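*Asks:* My file is protein-v7.csv. It has CSV, N, CA and C atoms:
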chain,number,residue,atom,x,y,z
A,1,GLN,N,-31.8,6.7,-21.3
A,1,GLN,CA,-33.0,5.9,-21.2
A,1,GLN,C,-33.5,5.7,-22.6
A,2,VAL,N,-33.9,4.4,-22.9
A,2,VAL,CA,-34.4,4.1,-24.2
A,2,VAL,C,-35.9,4.2,-24.2
A,3,THR,N,-36.5,5.0,-25.2
A,3,THR,CA,-37.9,5.1,-25.3
A,3,THR,C,-38.4,4.7,-26.7
A,4,LEU,N,-39.5,4.1,-26.7
A,4,LEU,CA,-40.1,3.6,-28.0
A,4,LEU,C,-41.5,4.2,-28.1
A,5,LEU,N,-41.8,4.8,-29.2
A,5,LEU,CA,-43.1,5.4,-29.4
A,5,LEU,C,-43.8,4.9,-30.6
A,6,GLU,N,-44.9,4.2,-30.4
A,6,GLU,CA,-45.6,3.6,-31.6
A,6,GLU,C,-46.7,4.6,-32.1
A,7,SER,N,-47.0,4.5,-33.3
A,7,SER,CA,-48.1,5.3,-33.9
A,7,SER,C,-48.6,4.6,-35.1
A,8,GLY,N,-49.8,5.0,-35.6
A,8,GLY,CA,-50.3,4.5,-36.8
A,8,GLY,C,-51.5,3.5,-36.6
A,9,GLY,N,-51.9,3.3,-35.4
A,9,GLY,CA,-53.0,2.4,-35.1
A,9,GLY,C,-54.3,3.1,-35.5
A,10,GLY,N,-55.4,2.4,-35.4
A,10,GLY,CA,-56.7,3.0,-35.7
A,10,GLY,C,-57.8,1.9,-36.0
A,11,LEU,N,-58.9,2.4,-36.5
A,11,LEU,CA,-60.0,1.6,-36.9
A,11,LEU,C,-60.0,1.4,-38.4
A,12,VAL,N,-60.1,0.1,-38.8
A,12,VAL,CA,-60.1,-0.2,-40.3
A,12,VAL,C,-61.0,-1.3,-40.5
A,13,GLN,N,-61.6,-1.3,-41.7
A,13,GLN,CA,-62.5,-2.5,-42.1
A,13,GLN,C,-61.6,-3.7,-42.5
A,14,ALA,N,-62.2,-4.8,-42.4
A,14,ALA,CA,-61.6,-6.0,-42.8
A,14,ALA,C,-61.2,-5.9,-44.2
A,15,GLY,N,-60.0,-6.4,-44.5
A,15,GLY,CA,-59.4,-6.3,-45.9
A,15,GLY,C,-58.6,-5.0,-46.1
A,16,GLY,N,-58.6,-4.1,-45.2
A,16,GLY,CA,-57.9,-2.9,-45.3
A,16,GLY,C,-56.5,-3.0,-44.8
A,17,SER,N,-55.8,-1.8,-44.8
A,17,SER,CA,-54.4,-1.8,-44.4
A,17,SER,C,-54.1,-0.7,-43.4
A,18,LEU,N,-53.0,-0.9,-42.7
A,18,LEU,CA,-52.5,0.1,-41.8
A,18,LEU,C,-51.0,-0.1,-41.8
A,19,ARG,N,-50.3,1.0,-41.5
A,19,ARG,CA,-48.8,0.9,-41.3
A,19,ARG,C,-48.5,1.5,-39.9
A,20,LEU,N,-48.0,0.7,-39.1
A,20,LEU,CA,-47.5,1.1,-37.7
A,20,LEU,C,-46.1,1.5,-37.8
A,21,SER,N,-45.7,2.5,-37.0
A,21,SER,CA,-44.4,3.0,-36.9
A,21,SER,C,-44.0,3.0,-35.4
A,22,CYS,N,-42.7,2.8,-35.2
A,22,CYS,CA,-42.2,2.9,-33.8
A,22,CYS,C,-40.8,3.6,-33.9
A,23,VAL,N,-40.8,4.8,-33.3
A,23,VAL,CA,-39.6,5.6,-33.2
A,23,VAL,C,-38.8,5.3,-31.9
A,24,VAL,N,-37.5,5.1,-32.0
A,24,VAL,CA,-36.7,4.8,-30.9
A,24,VAL,C,-35.7,5.9,-30.6
A,25,SER,N,-35.6,6.2,-29.3
A,25,SER,CA,-34.6,7.2,-28.9
A,25,SER,C,-33.8,6.7,-27.7
A,26,GLY,N,-32.6,7.2,-27.5
A,26,GLY,CA,-31.9,6.9,-26.3
A,26,GLY,C,-30.8,5.9,-26.5
A,27,ARG,N,-30.7,5.3,-27.7
A,27,ARG,CA,-29.7,4.3,-28.0
A,27,ARG,C,-29.5,4.2,-29.5
A,28,THR,N,-28.3,3.8,-29.9
A,28,THR,CA,-28.0,3.7,-31.3
A,28,THR,C,-28.9,2.6,-31.9
A,29,PHE,N,-29.8,3.1,-32.8
A,29,PHE,CA,-30.9,2.2,-33.3
A,29,PHE,C,-30.3,1.0,-33.9
A,30,SER,N,-29.2,1.1,-34.7
A,30,SER,CA,-28.7,-0.1,-35.4
A,30,SER,C,-28.1,-1.1,-34.5
A,31,SER,N,-28.0,-0.8,-33.2
A,31,SER,CA,-27.6,-1.8,-32.2
A,31,SER,C,-28.7,-2.7,-31.7
A,32,LEU,N,-29.9,-2.4,-32.1
A,32,LEU,CA,-31.1,-3.0,-31.5
A,32,LEU,C,-31.8,-4.0,-32.4
A,33,VAL,N,-32.1,-5.1,-31.9
A,33,VAL,CA,-33.0,-6.0,-32.6
A,33,VAL,C,-34.4,-5.5,-32.3
A,34,MET,N,-35.3,-5.5,-33.3
A,34,MET,CA,-36.6,-5.0,-33.0
A,34,MET,C,-37.7,-6.0,-33.2
A,35,GLY,N,-38.8,-5.9,-32.5
A,35,GLY,CA,-39.9,-6.8,-32.7
A,35,GLY,C,-41.3,-6.1,-32.5
A,36,TRP,N,-42.3,-6.8,-33.1
A,36,TRP,CA,-43.6,-6.3,-32.9
A,36,TRP,C,-44.4,-7.5,-32.2
A,37,PHE,N,-45.2,-7.1,-31.2
A,37,PHE,CA,-46.1,-8.0,-30.5
A,37,PHE,C,-47.5,-7.4,-30.5
A,38,ARG,N,-48.5,-8.3,-30.2
A,38,ARG,CA,-49.8,-7.8,-30.0
A,38,ARG,C,-50.5,-8.5,-28.9
A,39,GLN,N,-51.5,-7.9,-28.4
A,39,GLN,CA,-52.3,-8.5,-27.3
A,39,GLN,C,-53.8,-8.2,-27.6
A,40,ALA,N,-54.5,-9.3,-27.8
A,40,ALA,CA,-56.0,-9.2,-28.1
A,40,ALA,C,-56.7,-9.2,-26.7
A,41,PRO,N,-57.9,-8.7,-26.7
A,41,PRO,CA,-58.7,-8.7,-25.4
A,41,PRO,C,-58.8,-10.1,-24.9
A,42,GLY,N,-58.4,-10.2,-23.6
A,42,GLY,CA,-58.6,-11.5,-23.0
A,42,GLY,C,-57.5,-12.6,-23.3
A,43,LYS,N,-56.5,-12.1,-24.1
A,43,LYS,CA,-55.5,-13.1,-24.5
A,43,LYS,C,-54.1,-12.6,-24.1
A,44,GLU,N,-53.2,-13.5,-24.1
A,44,GLU,CA,-51.8,-13.1,-23.8
A,44,GLU,C,-51.2,-12.4,-25.0
A,45,ARG,N,-50.1,-11.7,-24.7
A,45,ARG,CA,-49.4,-11.0,-25.7
A,45,ARG,C,-48.6,-12.0,-26.5
A,46,GLU,N,-48.6,-11.8,-27.9
A,46,GLU,CA,-48.0,-12.8,-28.8
A,46,GLU,C,-47.1,-12.1,-29.8
A,47,PHE,N,-46.1,-12.8,-30.2
A,47,PHE,CA,-45.2,-12.3,-31.2
A,47,PHE,C,-45.9,-12.2,-32.6
A,48,VAL,N,-45.5,-11.1,-33.3
A,48,VAL,CA,-46.1,-10.8,-34.6
A,48,VAL,C,-45.0,-10.9,-35.6
A,49,ALA,N,-43.9,-10.1,-35.4
A,49,ALA,CA,-42.8,-10.0,-36.4
A,49,ALA,C,-41.6,-9.5,-35.8
A,50,GLY,N,-40.5,-9.8,-36.3
A,50,GLY,CA,-39.2,-9.3,-35.8
A,50,GLY,C,-38.2,-9.0,-36.9
A,51,ILE,N,-37.2,-8.2,-36.6
A,51,ILE,CA,-36.2,-7.8,-37.7
A,51,ILE,C,-34.9,-7.7,-37.0
A,52,SER,N,-33.9,-8.1,-37.7
A,52,SER,CA,-32.5,-8.0,-37.2
A,52,SER,C,-32.0,-6.6,-37.2
A,53,ARG,N,-30.8,-6.4,-36.7
A,53,ARG,CA,-30.3,-5.1,-36.5
A,53,ARG,C,-30.2,-4.2,-37.7
A,54,LEU,N,-29.7,-4.8,-38.8
A,54,LEU,CA,-29.5,-4.1,-40.1
A,54,LEU,C,-30.7,-4.3,-41.1
A,55,GLY,N,-31.7,-5.1,-40.6
A,55,GLY,CA,-32.8,-5.3,-41.5
A,55,GLY,C,-32.7,-6.4,-42.5
A,56,GLY,N,-31.6,-7.2,-42.4
A,56,GLY,CA,-31.3,-8.2,-43.4
A,56,GLY,C,-32.1,-9.5,-43.2
A,57,ARG,N,-32.7,-9.6,-42.0
A,57,ARG,CA,-33.4,-10.8,-41.7
A,57,ARG,C,-34.7,-10.4,-41.0
A,58,THR,N,-35.8,-11.0,-41.4
A,58,THR,CA,-37.1,-10.8,-40.7
A,58,THR,C,-37.7,-12.2,-40.4
A,59,TYR,N,-38.6,-12.2,-39.5
A,59,TYR,CA,-39.4,-13.4,-39.2
A,59,TYR,C,-40.8,-12.9,-38.8
A,60,SER,N,-41.8,-13.7,-39.3
A,60,SER,CA,-43.2,-13.3,-39.0
A,60,SER,C,-43.9,-14.6,-38.4
A,61,ALA,N,-44.9,-14.3,-37.6
A,61,ALA,CA,-45.7,-15.4,-37.1
A,61,ALA,C,-46.5,-16.0,-38.2
A,62,ASP,N,-46.8,-17.2,-38.1
A,62,ASP,CA,-47.6,-17.9,-39.2
A,62,ASP,C,-48.9,-17.2,-39.4
A,63,SER,N,-49.5,-16.7,-38.4
A,63,SER,CA,-50.9,-16.0,-38.5
A,63,SER,C,-50.8,-14.8,-39.4
A,64,VAL,N,-49.7,-14.2,-39.6
A,64,VAL,CA,-49.6,-12.9,-40.4
A,64,VAL,C,-48.7,-13.1,-41.6
A,65,LYS,N,-48.1,-14.2,-41.8
A,65,LYS,CA,-47.2,-14.4,-43.0
A,65,LYS,C,-48.0,-14.1,-44.3
A,66,GLY,N,-47.3,-13.4,-45.2
A,66,GLY,CA,-48.0,-13.0,-46.4
A,66,GLY,C,-48.9,-11.8,-46.3
A,67,ARG,N,-49.1,-11.3,-45.1
A,67,ARG,CA,-50.0,-10.2,-45.0
A,67,ARG,C,-49.3,-9.0,-44.3
A,68,PHE,N,-48.4,-9.3,-43.4
A,68,PHE,CA,-47.7,-8.3,-42.6
A,68,PHE,C,-46.2,-8.3,-43.0
A,69,THR,N,-45.6,-7.1,-43.1
A,69,THR,CA,-44.2,-7.0,-43.4
A,69,THR,C,-43.5,-6.0,-42.4
A,70,CYS,N,-42.5,-6.5,-41.8
A,70,CYS,CA,-41.7,-5.7,-40.8
A,70,CYS,C,-40.5,-5.2,-41.6
A,71,SER,N,-40.2,-3.9,-41.4
A,71,SER,CA,-39.0,-3.2,-42.0
A,71,SER,C,-38.5,-2.2,-41.0
A,72,ARG,N,-37.3,-1.7,-41.4
A,72,ARG,CA,-36.7,-0.6,-40.5
A,72,ARG,C,-35.9,0.3,-41.4
A,73,ASP,N,-35.8,1.6,-40.8
A,73,ASP,CA,-35.0,2.6,-41.5
A,73,ASP,C,-34.1,3.1,-40.4
A,74,ASN,N,-32.8,2.6,-40.4
A,74,ASN,CA,-31.9,2.9,-39.3
A,74,ASN,C,-31.5,4.4,-39.3
A,75,ALA,N,-31.6,5.1,-40.5
A,75,ALA,CA,-31.4,6.5,-40.5
A,75,ALA,C,-32.4,7.3,-39.8
A,76,LYS,N,-33.6,6.7,-39.7
A,76,LYS,CA,-34.7,7.4,-39.1
A,76,LYS,C,-35.1,6.9,-37.7
A,77,ASN,N,-34.3,5.9,-37.2
A,77,ASN,CA,-34.5,5.3,-35.9
A,77,ASN,C,-35.9,4.7,-35.8
A,78,THR,N,-36.4,4.2,-36.9
A,78,THR,CA,-37.8,3.8,-37.0
A,78,THR,C,-38.0,2.3,-37.5
A,79,VAL,N,-38.9,1.6,-36.9
A,79,VAL,CA,-39.3,0.3,-37.4
A,79,VAL,C,-40.7,0.4,-37.7
A,80,TYR,N,-41.1,-0.4,-38.8
A,80,TYR,CA,-42.4,-0.3,-39.3
A,80,TYR,C,-43.1,-1.7,-39.3
A,81,LEU,N,-44.4,-1.7,-39.3
A,81,LEU,CA,-45.1,-2.9,-39.5
A,81,LEU,C,-46.3,-2.6,-40.5
A,82,GLN,N,-46.1,-3.0,-41.7
A,82,GLN,CA,-47.1,-2.8,-42.8
A,82,GLN,C,-48.0,-4.0,-42.7
A,83,MET,N,-49.3,-3.7,-42.5
A,83,MET,CA,-50.3,-4.7,-42.3
A,83,MET,C,-51.4,-4.6,-43.4
A,84,ASN,N,-51.5,-5.6,-44.2
A,84,ASN,CA,-52.4,-5.7,-45.3
A,84,ASN,C,-53.4,-6.8,-45.1
A,85,SER,N,-54.5,-6.7,-45.8
A,85,SER,CA,-55.5,-7.8,-45.7
A,85,SER,C,-55.9,-8.1,-44.3
A,86,LEU,N,-56.2,-7.0,-43.5
A,86,LEU,CA,-56.4,-7.1,-42.1
A,86,LEU,C,-57.7,-7.9,-41.9
A,87,LYS,N,-57.7,-8.7,-40.8
A,87,LYS,CA,-58.8,-9.5,-40.4
A,87,LYS,C,-59.3,-9.0,-39.0
A,88,PRO,N,-60.5,-9.3,-38.6
A,88,PRO,CA,-61.0,-9.0,-37.3
A,88,PRO,C,-60.1,-9.6,-36.2
A,89,GLU,N,-59.6,-10.7,-36.4
A,89,GLU,CA,-58.7,-11.4,-35.4
A,89,GLU,C,-57.4,-10.7,-35.2
A,90,ASP,N,-57.1,-9.7,-36.1
A,90,ASP,CA,-55.9,-8.9,-35.9
A,90,ASP,C,-56.1,-7.8,-34.9
A,91,THR,N,-57.3,-7.6,-34.4
A,91,THR,CA,-57.6,-6.6,-33.4
A,91,THR,C,-56.8,-6.8,-32.2
A,92,GLY,N,-56.2,-5.7,-31.7
A,92,GLY,CA,-55.5,-5.8,-30.4
A,92,GLY,C,-54.6,-4.5,-30.2
A,93,VAL,N,-53.9,-4.5,-29.1
A,93,VAL,CA,-52.9,-3.5,-28.9
A,93,VAL,C,-51.6,-4.0,-29.4
A,94,TYR,N,-50.9,-3.2,-30.3
A,94,TYR,CA,-49.7,-3.6,-30.9
A,94,TYR,C,-48.5,-2.9,-30.2
A,95,TYR,N,-47.5,-3.6,-29.8
A,95,TYR,CA,-46.4,-3.1,-29.1
A,95,TYR,C,-45.1,-3.3,-29.9
A,96,CYS,N,-44.2,-2.3,-29.9
A,96,CYS,CA,-42.9,-2.6,-30.5
A,96,CYS,C,-41.9,-2.8,-29.3
A,97,ALA,N,-40.9,-3.6,-29.5
A,97,ALA,CA,-40.0,-3.9,-28.5
A,97,ALA,C,-38.6,-3.9,-29.1
A,98,ALA,N,-37.6,-3.6,-28.2
A,98,ALA,CA,-36.2,-3.5,-28.7
A,98,ALA,C,-35.3,-4.2,-27.7
A,99,ASP,N,-34.2,-4.8,-28.3
A,99,ASP,CA,-33.2,-5.4,-27.4
A,99,ASP,C,-31.8,-5.2,-28.0
A,100,PRO,N,-30.8,-4.8,-27.2
A,100,PRO,CA,-29.5,-4.7,-27.7
A,100,PRO,C,-28.9,-6.1,-28.1
A,101,ALA,N,-28.2,-6.2,-29.2
A,101,ALA,CA,-27.8,-7.5,-29.7
A,101,ALA,C,-26.4,-7.3,-30.3
A,102,ILE,N,-25.6,-8.4,-30.2
A,102,ILE,CA,-24.3,-8.4,-30.8
A,102,ILE,C,-24.5,-9.0,-32.3
A,103,SER,N,-25.3,-10.0,-32.4
A,103,SER,CA,-25.5,-10.6,-33.7
A,103,SER,C,-26.1,-9.6,-34.7
A,104,LEU,N,-25.7,-9.6,-35.9
A,104,LEU,CA,-26.2,-8.8,-37.0
A,104,LEU,C,-27.4,-9.5,-37.7
A,105,VAL,N,-27.6,-10.8,-37.5
A,105,VAL,CA,-28.6,-11.5,-38.2
A,105,VAL,C,-29.7,-12.1,-37.3
A,106,GLY,N,-29.5,-11.9,-36.0
A,106,GLY,CA,-30.5,-12.5,-35.1
A,106,GLY,C,-31.8,-11.8,-35.1
A,107,VAL,N,-32.9,-12.6,-34.9
A,107,VAL,CA,-34.2,-12.1,-34.7
A,107,VAL,C,-34.8,-12.8,-33.5
A,108,LEU,N,-35.4,-12.0,-32.6
A,108,LEU,CA,-35.9,-12.6,-31.3
A,108,LEU,C,-37.4,-12.8,-31.4
A,109,LEU,N,-37.8,-14.0,-31.0
A,109,LEU,CA,-39.3,-14.3,-31.0
A,109,LEU,C,-39.9,-14.2,-29.6
A,110,ASN,N,-39.0,-14.4,-28.6
A,110,ASN,CA,-39.5,-14.5,-27.3
A,110,ASN,C,-39.6,-13.1,-26.6
A,111,GLN,N,-40.8,-12.8,-26.1
A,111,GLN,CA,-41.0,-11.4,-25.6
A,111,GLN,C,-40.1,-11.2,-24.4
A,112,GLY,N,-39.8,-12.3,-23.7
A,112,GLY,CA,-38.9,-12.2,-22.5
A,112,GLY,C,-37.5,-11.8,-22.8
A,113,ALA,N,-37.1,-11.9,-24.1
A,113,ALA,CA,-35.8,-11.5,-24.5
A,113,ALA,C,-35.6,-10.0,-24.7
A,114,TYR,N,-36.7,-9.3,-24.8
A,114,TYR,CA,-36.7,-7.8,-25.1
A,114,TYR,C,-36.6,-7.0,-23.8
A,115,ASP,N,-35.7,-6.0,-23.8
A,115,ASP,CA,-35.5,-5.2,-22.7
A,115,ASP,C,-36.4,-4.0,-22.7
A,116,TYR,N,-36.7,-3.5,-23.8
A,116,TYR,CA,-37.4,-2.2,-23.9
A,116,TYR,C,-38.8,-2.4,-24.7
A,117,TRP,N,-39.8,-1.6,-24.2
A,117,TRP,CA,-41.1,-1.8,-24.8
A,117,TRP,C,-41.8,-0.4,-25.0
A,118,GLY,N,-42.6,-0.3,-26.0
A,118,GLY,CA,-43.4,0.9,-26.2
A,118,GLY,C,-44.7,0.7,-25.4
A,119,GLN,N,-45.5,1.8,-25.4
A,119,GLN,CA,-46.8,1.7,-24.7
A,119,GLN,C,-47.9,1.1,-25.5
A,120,GLY,N,-47.7,0.9,-26.7
A,120,GLY,CA,-48.7,0.3,-27.6
A,120,GLY,C,-49.6,1.2,-28.3
A,121,THR,N,-50.1,0.7,-29.4
A,121,THR,CA,-51.1,1.4,-30.2
A,121,THR,C,-52.2,0.5,-30.6
A,122,GLN,N,-53.5,1.0,-30.5
A,122,GLN,CA,-54.6,0.1,-30.7
A,122,GLN,C,-54.9,0.0,-32.2
A,123,VAL,N,-55.2,-1.3,-32.6
A,123,VAL,CA,-55.6,-1.6,-33.9
A,123,VAL,C,-57.0,-2.3,-33.8
A,124,THR,N,-58.0,-1.8,-34.4
A,124,THR,CA,-59.3,-2.4,-34.4
A,124,THR,C,-59.7,-2.7,-35.8
A,125,VAL,N,-60.0,-3.9,-36.1
A,125,VAL,CA,-60.5,-4.3,-37.5
A,125,VAL,C,-61.9,-4.7,-37.4
A,126,SER,N,-62.8,-4.0,-38.1
A,126,SER,CA,-64.2,-4.3,-38.1
A,126,SER,C,-64.6,-5.3,-39.2
A,127,SER,N,-65.6,-6.1,-39.0
A,127,SER,CA,-66.0,-7.1,-40.0
A,127,SER,C,-67.1,-6.5,-40.9
If you took the structure in this file and wrote it as structure tokens, what would it be?

*Replies:*
Amino acid sequence: QVTLLESGGGLVQAGGSLRLSCVVSGRTFSSLVMGWFRQAPGKEREFVAGISRLGGRTYSADSVKGRFTCSRDNAKNTVYLQMNSLKPEDTGVYYCAADPAISLVGVLLNQGAYDYWGQGTQVTVSS
């Protein structure tokens, strides 16, 4: 069974930073494409950032480009989301997601493509 456990969320002032972590167990981590999604109150869950199996390729949503960075450490079975210059509109529950993939360079943007999900961590940005 594959489990994903997010951590690092919290309350931060606008302009501040947070780093989210997601530890994966139950499957060879390097076989998984990883992604981060978020869901704001009253809104649908949306893609934030994704990273290929070996970390050579990343992709971020336009709303976070230049502010958020997705990375991974395959030796630690962990994917990260470094969030800088946070804005109140970044508030929401952040989820990490994983999907087994053959491609070494693929990044998945569609949440329907992911097989495994964490329970989420709350990020609140105050103005």

*Asks:* In Å, rounded to a single decimal, give me how far atom N of Asn74 of chain A is from atom C of Tyr94 of chain A.

*Replies:*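 Separation of atom C of Tyr94 of chain A and atom N of Asn74 of chain A: 19.5 Å.
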
*Asks:* Taking 6 positions as the minimum chain separation for residues in the same chain, which residues sit within 5 Å of Leu32 of chain A when counting only N, CA and C atoms? Answer as a list in words.

*Replies:* Arg53, Asp99, Pro100 and Ala101 of chain A

*Asks:* From the options A:Thr3, A:Ser71, A:Ser30, A:Thr78, which residue's atoms come nearest to Leu54 of chain A, counting only C-alpha atoms?

*Replies:* A:Ser30

*Asks:* Quick check, in Å to one decimal: how far apart do atom N of Ala97 of chain A and atom C of Gly15 of chain A lie?

*Replies:*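 For atom N of Ala97 of chain A relative to atom C of Gly15 of chain A, the distance reads 24.3 Å.
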
*Asks:* Sorted by chain and rising residue number, which residues of segment 56-96 of chain A lie within 8 Å of segment 4-13 of chain A, and what are their closest atom pairs and distances in Å to one decimal, counting all atoms listed in the file, as a tab-separated table?

*Replies:*
residue	atom	partner	partner_atom	distance
A:Ser85	C	A:Gln13	C	7.4
A:Leu86	C	A:Gln13	C	5.8
A:Lys87	N	A:Gln13	C	6.6
A:Pro88	N	A:Gln13	C	6.9
A:Tyr94	C	A:Glu6	CA	7.3
A:Tyr95	C	A:Glu6	CA	7.1
A:Cys96	N	A:Glu6	CA	6.3

*Asks:* Could you give me the residues within chain A that DSSP places in helix (DSSP H, G or I), as an mmCIF file with N, CA and C atoms, in the frame of the given file?

*Replies:*
data_model
loop_
_atom_site.group_PDB
_atom_site.id
_atom_site.type_symbol
_atom_site.label_atom_id
_atom_site.label_comp_id
_atom_site.auth_asym_id
_atom_site.auth_seq_id
_atom_site.Cartn_x
_atom_site.Cartn_y
_atom_site.Cartn_z
ATOM 1 N N PHE A 29 -29.800 3.100 -32.800
ATOM 2 C CA PHE A 29 -30.900 2.200 -33.300
ATOM 3 C C PHE A 29 -30.300 1.000 -33.900
ATOM 4 N N SER A 30 -29.200 1.100 -34.700
ATOM 5 C CA SER A 30 -28.700 -0.100 -35.400
ATOM 6 C C SER A 30 -28.100 -1.100 -34.500
ATOM 7 N N SER A 31 -28.000 -0.800 -33.200
ATOM 8 C CA SER A 31 -27.600 -1.800 -32.200
ATOM 9 C C SER A 31 -28.700 -2.700 -31.700
ATOM 10 N N PRO A 88 -60.500 -9.300 -38.600
ATOM 11 C CA PRO A 88 -61.000 -9.000 -37.300
ATOM 12 C C PRO A 88 -60.100 -9.600 -36.200
ATOM 13 N N GLU A 89 -59.600 -10.700 -36.400
ATOM 14 C CA GLU A 89 -58.700 -11.400 -35.400
ATOM 15 C C GLU A 89 -57.400 -10.700 -35.200
ATOM 16 N N ASP A 90 -57.100 -9.700 -36.100
ATOM 17 C CA ASP A 90 -55.900 -8.900 -35.900
ATOM 18 C C ASP A 90 -56.100 -7.800 -34.900
ATOM 19 N N GLN A 111 -40.800 -12.800 -26.100
ATOM 20 C CA GLN A 111 -41.000 -11.400 -25.600
ATOM 21 C C GLN A 111 -40.100 -11.200 -24.400
ATOM 22 N N GLY A 112 -39.800 -12.300 -23.700
ATOM 23 C CA GLY A 112 -38.900 -12.200 -22.500
ATOM 24 C C GLY A 112 -37.500 -11.800 -22.800
ATOM 25 N N ALA A 113 -37.100 -11.900 -24.100
ATOM 26 C CA ALA A 113 -35.800 -11.500 -24.500
ATOM 27 C C ALA A 113 -35.600 -10.000 -24.700
#
